[in-house]
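Chemist: Structure: coords-v8.cif, mmCIF, C-alpha atoms (C1' of nucleotides).
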```cif
data_entry
loop_
_atom_site.label_atom_id
_atom_site.label_comp_id
_atom_site.auth_asym_id
_atom_site.auth_seq_id
_atom_site.Cartn_x
_atom_site.Cartn_y
_atom_site.Cartn_z
CA MET A 1 15.19 8.83 54.01
CA THR A 2 12.17 10.83 55.00
CA GLN A 3 9.80 8.87 52.79
CA ASP A 4 11.40 5.51 53.32
CA ASP A 5 9.08 4.75 56.17
CA ASP A 6 5.98 5.15 54.09
CA LYS A 7 6.79 2.78 51.30
CA ARG A 8 6.69 -0.09 53.73
CA LEU A 9 8.31 -3.41 53.27
CA ASN A 10 5.87 -5.05 50.93
CA ASP A 11 8.29 -4.32 48.15
CA LEU A 12 10.58 -6.86 49.69
CA ARG A 13 10.23 -9.47 47.00
CA VAL A 14 8.81 -12.80 47.91
CA ASP A 15 11.88 -14.26 46.29
CA ASP A 16 14.00 -12.58 48.93
CA LEU A 17 11.91 -14.24 51.59
CA ARG A 18 12.30 -17.57 49.83
CA ARG A 19 16.06 -17.21 49.61
CA ALA A 20 16.28 -16.30 53.29
CA PHE A 21 14.18 -19.27 54.34
CA ARG A 22 16.11 -21.58 52.08
CA ARG A 23 19.33 -20.54 53.70
CA LEU A 24 18.04 -22.21 56.85
CA GLY A 25 16.65 -25.19 54.98
CA LEU A 26 13.08 -23.92 55.41
CA ARG A 27 10.34 -23.86 52.81
CA LEU A 28 8.38 -20.89 51.68
CA THR A 29 4.72 -21.52 52.36
CA SER A 30 1.71 -19.35 51.69
CA GLN A 31 1.22 -18.99 55.44
CA ARG A 32 4.70 -17.62 55.87
CA VAL A 33 4.11 -15.06 53.15
CA THR A 34 0.78 -14.05 54.68
CA VAL A 35 2.26 -13.60 58.13
CA TRP A 36 5.07 -11.53 56.69
CA ARG A 37 2.59 -9.36 54.78
CA LEU A 38 0.62 -8.66 57.93
CA PHE A 39 3.66 -7.47 59.81
CA SER A 40 5.12 -5.52 56.93
CA ASP A 41 1.87 -3.56 56.65
CA SER A 42 2.03 -2.44 60.25
CA THR A 43 3.81 0.73 61.33
CA THR A 44 3.35 -0.03 65.01
CA GLY A 45 4.26 -3.68 65.20
CA LEU A 46 1.97 -6.39 66.57
CA THR A 47 1.96 -8.62 69.59
CA LEU A 48 1.65 -12.33 69.01
CA PRO A 49 -1.98 -12.53 70.18
CA GLU A 50 -2.85 -9.57 67.98
CA ALA A 51 -1.28 -11.28 65.01
CA CYS A 52 -3.12 -14.50 65.81
CA ARG A 53 -6.45 -12.71 65.86
CA ALA A 54 -5.73 -10.87 62.62
CA LEU A 55 -4.66 -14.04 60.86
CA GLN A 56 -7.74 -16.02 61.82
CA GLU A 57 -9.31 -14.38 58.81
CA TYR A 58 -6.85 -16.29 56.68
CA ALA A 59 -7.41 -19.50 58.63
CA ILE A 60 -3.87 -19.57 59.92
CA GLY A 61 -3.61 -21.43 63.21
CA GLN A 62 -2.03 -19.79 66.20
CA ALA A 63 0.66 -22.41 66.54
CA THR A 64 1.73 -21.51 63.03
CA VAL A 65 1.77 -17.81 63.83
CA TYR A 66 4.06 -18.41 66.77
CA ARG A 67 6.34 -20.61 64.70
CA VAL A 68 6.53 -18.24 61.75
CA VAL A 69 7.16 -15.18 63.88
CA ASN A 70 10.01 -17.01 65.55
CA SER A 71 11.50 -17.90 62.19
CA LEU A 72 11.13 -14.36 60.88
CA CYS A 73 12.88 -13.09 63.98
CA GLU A 74 15.76 -15.49 63.54
CA LEU A 75 16.07 -14.42 59.94
CA GLY A 76 16.13 -10.79 60.98
CA PHE A 77 12.93 -9.83 59.18
CA LEU A 78 11.16 -9.08 62.43
CA LEU A 79 12.51 -7.26 65.43
CA ASN A 80 11.39 -7.01 69.00
CA ILE A 81 10.39 -3.64 70.31
CA HIS A 82 8.89 -2.45 73.58
CA GLY A 83 5.32 -1.30 73.26
CA THR A 84 4.10 1.66 75.26
CA ASN A 85 3.06 -0.64 78.09
CA GLY A 86 6.17 -2.77 78.01
CA GLU A 87 4.62 -5.54 75.96
CA HIS A 88 6.60 -7.30 73.26
CA ARG A 89 5.73 -6.14 69.78
CA TYR A 90 7.21 -7.54 66.61
CA LEU A 91 8.05 -5.11 63.88
CA ALA A 92 9.02 -5.69 60.28
CA GLY A 93 12.27 -4.04 59.43
CA HIS A 94 15.17 -4.07 57.08
CA PRO A 95 17.70 -6.61 58.23
CA GLY A 96 20.79 -5.12 59.77
CA HIS A 97 21.64 -2.91 62.67
CA VAL A 98 18.77 -0.52 63.28
CA HIS A 99 17.08 1.12 66.20
CA HIS A 100 13.65 2.57 66.64
CA LEU A 101 11.90 5.76 67.47
CA ILE A 102 8.57 4.86 69.03
CA CYS A 103 5.63 7.18 69.49
CA ARG A 104 4.25 6.75 72.99
CA SER A 105 0.93 8.10 71.86
CA CYS A 106 -0.01 6.24 68.68
CA GLY A 107 2.69 3.58 68.63
CA HIS A 108 4.01 4.55 65.23
CA VAL A 109 7.57 3.40 64.80
CA ARG A 110 10.29 4.80 62.67
CA GLU A 111 13.65 3.24 61.98
CA VAL A 112 16.83 4.95 63.06
CA THR A 113 19.88 3.91 61.14
CA ASP A 114 22.53 6.36 62.11
CA CYS A 115 23.75 5.56 65.56
CA ASP A 116 27.33 5.32 66.57
CA LEU A 117 27.87 4.11 70.08
CA SER A 118 31.19 2.47 69.39
CA THR A 119 33.21 5.01 71.34
CA LEU A 120 30.84 4.70 74.27
CA GLU A 121 31.11 0.94 74.05
CA LYS A 122 34.89 1.10 74.14
CA LEU A 123 34.75 3.38 77.14
CA LEU A 124 32.44 1.01 78.97
CA ALA A 125 34.61 -1.95 78.12
CA ALA A 126 37.62 -0.18 79.57
CA GLN A 127 35.73 0.88 82.70
CA THR A 128 34.01 -2.37 83.49
CA GLY A 129 35.97 -5.21 81.94
CA PHE A 130 32.92 -6.36 80.03
CA ALA A 131 33.52 -7.43 76.45
CA VAL A 132 30.77 -5.32 74.96
CA GLU A 133 29.28 -7.06 71.95
CA GLY A 134 26.32 -4.92 71.08
CA HIS A 135 23.51 -2.80 72.29
CA TYR A 136 19.79 -2.43 72.22
CA LEU A 137 18.56 1.10 71.80
CA GLU A 138 15.10 2.54 71.50
CA PHE A 139 14.05 6.14 71.53
CA TYR A 140 10.61 7.14 72.54
CA GLY A 141 8.65 10.32 72.23
CA ARG A 142 5.81 11.67 70.19
CA CYS A 143 5.57 11.53 66.43
CA PRO A 144 4.89 14.62 64.35
CA ARG A 145 1.27 13.69 63.83
CA CYS A 146 0.59 13.36 67.56
CA GLY A 147 2.37 16.59 68.38
CA PRO A 148 4.21 17.41 71.59
CA SER A 149 3.13 16.13 74.99
CA PRO A 150 -0.07 17.64 76.30
CA GLY A 151 0.03 19.75 79.46
CA MET B 152 32.36 2.87 91.07
CA THR B 153 33.98 -0.49 90.50
CA GLN B 154 32.81 -1.96 93.78
CA ASP B 155 29.42 -0.31 93.81
CA ASP B 156 27.88 -3.29 92.15
CA ASP B 157 28.94 -5.67 94.85
CA LYS B 158 27.51 -3.94 97.83
CA ARG B 159 24.04 -4.53 96.50
CA LEU B 160 20.97 -2.63 97.44
CA ASN B 161 20.19 -4.18 100.77
CA ASP B 162 21.63 -1.11 102.36
CA LEU B 163 18.65 0.75 101.06
CA ARG B 164 16.94 1.32 104.37
CA VAL B 165 13.53 -0.09 104.92
CA ASP B 166 12.53 3.39 105.92
CA ASP B 167 13.28 4.55 102.40
CA LEU B 168 10.97 1.88 101.10
CA ARG B 169 8.29 2.95 103.55
CA ARG B 170 8.58 6.58 102.54
CA ALA B 171 8.34 5.68 98.87
CA PHE B 172 5.27 3.53 99.40
CA ARG B 173 3.67 6.15 101.57
CA ARG B 174 4.07 8.69 98.82
CA LEU B 175 1.59 6.60 96.83
CA GLY B 176 -0.63 6.01 99.82
CA LEU B 177 0.56 2.42 100.12
CA ARG B 178 1.48 0.56 103.28
CA LEU B 179 4.75 -1.16 104.00
CA THR B 180 4.08 -4.82 104.65
CA SER B 181 6.44 -7.64 105.50
CA GLN B 182 5.66 -9.20 102.12
CA ARG B 183 6.74 -6.08 100.31
CA VAL B 184 9.99 -6.00 102.21
CA THR B 185 10.60 -9.67 101.50
CA VAL B 186 9.96 -9.27 97.79
CA TRP B 187 12.24 -6.29 97.67
CA ARG B 188 14.98 -8.22 99.49
CA LEU B 189 14.77 -11.06 97.00
CA PHE B 190 15.28 -8.77 94.05
CA SER B 191 17.93 -6.65 95.67
CA ASP B 192 19.97 -9.77 96.33
CA SER B 193 19.99 -10.75 92.67
CA THR B 194 22.64 -9.58 90.24
CA THR B 195 20.84 -11.01 87.24
CA GLY B 196 17.25 -9.99 87.89
CA LEU B 197 14.36 -12.43 88.09
CA THR B 198 11.33 -13.18 86.00
CA LEU B 199 7.97 -13.10 87.71
CA PRO B 200 7.55 -16.87 87.76
CA GLU B 201 11.04 -17.24 89.16
CA ALA B 202 10.24 -14.79 91.89
CA CYS B 203 6.99 -16.60 92.68
CA ARG B 204 8.80 -19.88 93.08
CA ALA B 205 11.51 -18.37 95.26
CA LEU B 206 8.96 -16.66 97.48
CA GLN B 207 6.89 -19.77 98.09
CA GLU B 208 9.40 -20.49 100.81
CA TYR B 209 8.12 -17.41 102.60
CA ALA B 210 4.49 -18.32 101.92
CA ILE B 211 3.93 -15.32 99.71
CA GLY B 212 1.20 -15.93 97.18
CA GLN B 213 1.82 -15.35 93.52
CA ALA B 214 -0.88 -12.72 93.21
CA THR B 215 0.99 -10.75 95.82
CA VAL B 216 4.27 -11.16 94.00
CA TYR B 217 2.74 -9.78 90.82
CA ARG B 218 1.19 -6.87 92.68
CA VAL B 219 4.33 -5.98 94.61
CA VAL B 220 6.58 -6.17 91.59
CA ASN B 221 4.25 -3.82 89.77
CA SER B 222 4.36 -1.38 92.64
CA LEU B 223 8.13 -1.56 92.90
CA CYS B 224 8.37 -0.85 89.18
CA GLU B 225 6.13 2.17 89.45
CA LEU B 226 8.21 3.45 92.33
CA GLY B 227 11.37 2.99 90.28
CA PHE B 228 12.89 0.39 92.60
CA LEU B 229 12.70 -2.29 89.94
CA LEU B 230 13.53 -1.97 86.29
CA ASN B 231 12.75 -4.09 83.31
CA ILE B 232 15.60 -5.63 81.40
CA HIS B 233 15.81 -8.08 78.53
CA GLY B 234 17.11 -11.46 79.52
CA THR B 235 19.38 -13.41 77.22
CA ASN B 236 16.39 -15.08 75.63
CA GLY B 237 14.30 -11.96 75.39
CA GLU B 238 12.29 -12.65 78.51
CA HIS B 239 11.36 -9.88 80.90
CA ARG B 240 13.52 -9.76 83.98
CA TYR B 241 13.07 -7.37 86.84
CA LEU B 242 16.17 -5.91 88.38
CA ALA B 243 16.66 -3.88 91.54
CA GLY B 244 18.39 -0.64 90.83
CA HIS B 245 18.98 2.82 92.08
CA PRO B 246 16.12 5.06 91.02
CA GLY B 247 17.00 7.46 88.26
CA HIS B 248 18.24 7.31 84.73
CA VAL B 249 20.42 4.25 84.35
CA HIS B 250 21.17 1.69 81.71
CA HIS B 251 22.51 -1.79 81.91
CA LEU B 252 25.35 -3.93 80.75
CA ILE B 253 24.14 -7.50 80.58
CA CYS B 254 26.30 -10.58 80.37
CA ARG B 255 24.89 -12.89 77.73
CA SER B 256 26.61 -15.82 79.35
CA CYS B 257 25.79 -15.67 83.06
CA GLY B 258 23.20 -12.92 83.08
CA HIS B 259 25.09 -10.73 85.49
CA VAL B 260 24.01 -7.13 85.15
CA ARG B 261 25.92 -4.00 85.87
CA GLU B 262 24.54 -0.50 85.96
CA VAL B 263 25.77 2.12 83.53
CA THR B 264 25.26 5.65 84.67
CA ASP B 265 27.27 7.72 82.28
CA CYS B 266 25.45 7.95 79.00
CA ASP B 267 24.85 11.11 77.12
CA LEU B 268 22.66 10.68 74.10
CA SER B 269 21.23 14.17 74.22
CA THR B 270 23.03 15.37 71.10
CA LEU B 271 21.92 12.27 69.23
CA GLU B 272 18.37 12.85 70.43
CA LYS B 273 18.44 16.42 69.19
CA LEU B 274 19.71 15.26 65.84
CA LEU B 275 16.97 12.70 65.54
CA ALA B 276 14.33 15.21 66.54
CA ALA B 277 15.52 17.55 63.82
CA GLN B 278 15.64 14.79 61.22
CA THR B 279 12.34 13.13 61.96
CA GLY B 280 10.07 15.64 63.62
CA PHE B 281 9.60 13.34 66.60
CA ALA B 282 9.62 15.01 70.00
CA VAL B 283 12.15 12.67 71.55
CA GLU B 284 11.42 12.26 75.24
CA GLY B 285 13.79 9.53 76.28
CA HIS B 286 15.53 6.35 75.40
CA TYR B 287 15.98 2.80 76.48
CA LEU B 288 19.49 1.49 76.20
CA GLU B 289 21.03 -1.82 77.07
CA PHE B 290 24.49 -3.07 76.31
CA TYR B 291 25.24 -6.71 76.12
CA GLY B 292 28.40 -8.69 76.06
CA ARG B 293 30.37 -10.90 78.38
CA CYS B 294 31.35 -10.04 81.90
CA PRO B 295 34.94 -10.27 83.11
CA ARG B 296 34.30 -13.52 84.94
CA CYS B 297 32.89 -15.24 81.84
CA GLY B 298 35.68 -13.98 79.61
CA PRO B 299 35.48 -13.23 75.92
CA SER B 300 33.27 -15.15 73.52
CA PRO B 301 34.43 -18.70 72.85
CA GLY B 302 35.54 -19.59 69.34
"C1'" DT C 303 5.57 -32.38 34.34
"C1'" DG C 304 4.59 -35.88 37.99
"C1'" DA C 305 5.53 -38.75 41.98
"C1'" DG C 306 7.85 -39.15 46.35
"C1'" DT C 307 9.86 -37.24 50.42
"C1'" DC C 308 9.79 -34.64 54.16
"C1'" DA C 309 9.03 -30.14 56.32
"C1'" DT C 310 4.92 -27.60 57.63
"C1'" DT C 311 0.37 -26.99 59.07
"C1'" DG C 312 -4.06 -26.94 61.94
"C1'" DA C 313 -6.76 -28.66 65.60
"C1'" DG C 314 -6.86 -29.62 69.90
"C1'" DA C 315 -4.92 -30.53 74.26
"C1'" DA C 316 -1.83 -29.14 77.67
"C1'" DA C 317 1.09 -26.24 80.14
"C1'" DA C 318 2.47 -21.85 81.71
"C1'" DA C 319 1.72 -17.13 82.84
"C1'" DT C 320 -1.27 -13.47 84.23
"C1'" DT C 321 -5.39 -11.38 86.11
"C1'" DA C 322 -9.66 -11.22 88.86
"C1'" DT C 323 -12.52 -12.21 93.08
"C1'" DC C 324 -13.43 -12.12 97.82
"C1'" DA C 325 -13.21 -13.40 102.68
"C1'" DT C 326 -9.57 -12.86 106.06
"C1'" DA C 327 -5.47 -10.72 108.07
"C1'" DA C 328 -2.74 -6.93 109.49
"C1'" DA C 329 -0.70 -1.86 108.96
"C1'" DG C 330 -1.05 2.61 110.45
"C1'" DG C 331 -3.72 6.42 112.68
"C1'" DC C 332 -5.90 7.52 116.75
"C1'" DG D 333 -4.78 -1.44 122.08
"C1'" DC D 334 -9.14 -0.38 118.85
"C1'" DC D 335 -10.75 0.85 114.17
"C1'" DT D 336 -10.62 1.71 109.48
"C1'" DT D 337 -8.89 0.50 105.38
"C1'" DT D 338 -5.55 -1.58 102.59
"C1'" DA D 339 -3.10 -5.82 101.49
"C1'" DT D 340 -2.96 -10.70 101.34
"C1'" DG D 341 -3.75 -15.67 100.03
"C1'" DA D 342 -6.52 -19.15 98.02
"C1'" DT D 343 -8.92 -20.11 94.25
"C1'" DA D 344 -10.84 -19.61 89.93
"C1'" DA D 345 -10.76 -17.70 85.45
"C1'" DT D 346 -8.47 -15.88 81.57
"C1'" DT D 347 -4.84 -15.33 78.51
"C1'" DT D 348 -0.63 -16.66 76.45
"C1'" DT D 349 2.49 -20.12 74.90
"C1'" DT D 350 3.92 -24.76 73.89
"C1'" DC D 351 3.21 -29.50 72.46
"C1'" DT D 352 1.41 -33.54 69.68
"C1'" DC D 353 0.23 -35.81 65.62
"C1'" DA D 354 -2.33 -36.91 61.49
"C1'" DA D 355 -2.96 -34.63 57.12
"C1'" DT D 356 -1.37 -31.31 53.77
"C1'" DG D 357 1.50 -29.34 50.48
"C1'" DA D 358 6.39 -27.43 48.95
"C1'" DC D 359 10.31 -28.75 46.71
"C1'" DT D 360 13.48 -32.30 44.50
"C1'" DC D 361 14.60 -35.36 41.10
"C1'" DA D 362 13.72 -37.98 37.39
#
```
Take the structure in the file and write it out as structure tokens.

Modeler:
Amino acid sequence: MTQDDDKRLNDLRVDDLRRAFRRLGLRLTSQRVTVWRLFSDSTTGLTLPEACRALQEYAIGQATVYRVVNSLCELGFLLNIHGTNGEHRYLAGHPGHVHHLICRSCGHVREVTDCDLSTLEKLLAAQTGFAVEGHYLEFYGRCPRCGPSPG
Amino acid sequence: MTQDDDKRLNDLRVDDLRRAFRRLGLRLTSQRVTVWRLFSDSTTGLTLPEACRALQEYAIGQATVYRVVNSLCELGFLLNIHGTNGEHRYLAGHPGHVHHLICRSCGHVREVTDCDLSTLEKLLAAQTGFAVEGHYLEFYGRCPRCGPSPG
DNA sequence: TGAGTCATTGAGAAAAATTATCATAAAGGC
DNA sequence: GCCTTTATGATAATTTTTCTCAATGACTCA
């Protein structure tokens, strides 16, 4: 698992993207592939305006960027994380239940797959009467490259 | 703890607010109190535009609303939560380390104080080399009043 | 493979949200 | 109650997000 982060998600075959889009009755366009590539190359995630600026180079309009990011989110290819300043960043990830470990210094993000909060969820359900359906969990700190907090 | 949610945070004395502001060299103004009251009366949190609209009634300008909400966040009186549609909502809460249980149906939020993820954090630190400094955790589900998910 | 259908795109406008500016108002110290 | 200094409101400016619609191009079916 240690090296999984480095081989990013470009190896997700375009055919997988096509299948996923098709499942929603959507077509696979070159723009959608390009947007996906941009995000899957990023280890920190991008905000929507950042993505728009980066994709100008490929002559992809901003309306399209917004639309594609939304679709990729719905399909589970992109996830929302909190940037260091609270801004929304979109991060490419493996579909499924994952969490993130976010470096507050450089923004590098690493996936966390092994979390088990089910007992805590049951406890909360019993205490509060809420029907707990899921959770959103992010860890933050400093990545190995940035080293421990200064001072 | 069951009834703690209902007696909201209005009982936080204005003097406490003043002391907190003073600590940052800020003055306590009627606008700041009014903004605080609005948020402390809400069990679902408000977005900034929502707050601006609500505070028009009191002739508080939107620039002020943005500034005061920022201050209240820095002081720990307001916290950021994810609304049902991913939007930022600001919620009055007791300062300190708390998490939230958010109803996906009505938006009602309840504080969760008992979480212990320290062992999980240590495990992650060992596995990844990150210096884990904290976490952000939200639970979502359906509150007792809304009942379990339909269908 | 080629034509037709229909979702998708880009440009631009429009709307919404956020930030900046600055003269005026008022909080807190004396 | 004055005085200093911060905070406010109105307005403008900027940024972000959404909308519209003609033109393009992906996919289906023959």

Chemist: Which chain B residues are at most 8 Å from chain D (counting all atoms listed in the file), as a list in words?

Modeler: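 Interface list for chain B against chain D: Leu177, Arg178, Thr180, Ile211, Gly212, Ala214 and Thr215 of chain B.
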
Chemist: Please compute the CA of His94 (chain A)-CA of Asn80 (chain A) distance, one decimal, in Å.

Modeler: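 Taking CA of His94 (chain A) as the start and CA of Asn80 (chain A) as the end point, the length is 12.8 Å.
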
Chemist: Specify as a list in words each residue included when the PyMOL selection byres ((chain C) within 10 of (chain A)) is applied to this file.

Modeler: DA309, DT310, DT311, DG312 and DA313 of chain C

Chemist: By how many Å are CA of Asp192 (chain B) and CA of Val249 (chain B) apart?

Modeler: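 So the two atoms, CA of Asp192 (chain B) and CA of Val249 (chain B), lie 18.4 Å apart.
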
Chemist: When the cut-off is 6 Å and we count all atoms listed in the file, which residues of chain B are near chain A, given as a ChimeraX atom specification?

Modeler: /B:280-295

Chemist: Restricting it to C-alpha atoms, dump the selection as a PDB file, keeping the file's coordinate frame.

Modeler:
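Dumped to part.pdb:
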```pdb
ATOM      1  CA  GLY B 280      10.070  15.640  63.620  1.00  0.00           C
ATOM      2  CA  PHE B 281       9.600  13.340  66.600  1.00  0.00           C
ATOM      3  CA  ALA B 282       9.620  15.010  70.000  1.00  0.00           C
ATOM      4  CA  VAL B 283      12.150  12.670  71.550  1.00  0.00           C
ATOM      5  CA  GLU B 284      11.420  12.260  75.240  1.00  0.00           C
ATOM      6  CA  GLY B 285      13.790   9.530  76.280  1.00  0.00           C
ATOM      7  CA  HIS B 286      15.530   6.350  75.400  1.00  0.00           C
ATOM      8  CA  TYR B 287      15.980   2.800  76.480  1.00  0.00           C
ATOM      9  CA  LEU B 288      19.490   1.490  76.200  1.00  0.00           C
ATOM     10  CA  GLU B 289      21.030  -1.820  77.070  1.00  0.00           C
ATOM     11  CA  PHE B 290      24.490  -3.070  76.310  1.00  0.00           C
ATOM     12  CA  TYR B 291      25.240  -6.710  76.120  1.00  0.00           C
ATOM     13  CA  GLY B 292      28.400  -8.690  76.060  1.00  0.00           C
ATOM     14  CA  ARG B 293      30.370 -10.900  78.380  1.00  0.00           C
ATOM     15  CA  CYS B 294      31.350 -10.040  81.900  1.00  0.00           C
ATOM     16  CA  PRO B 295      34.940 -10.270  83.110  1.00  0.00           C
TER      17      PRO B 295
END
```
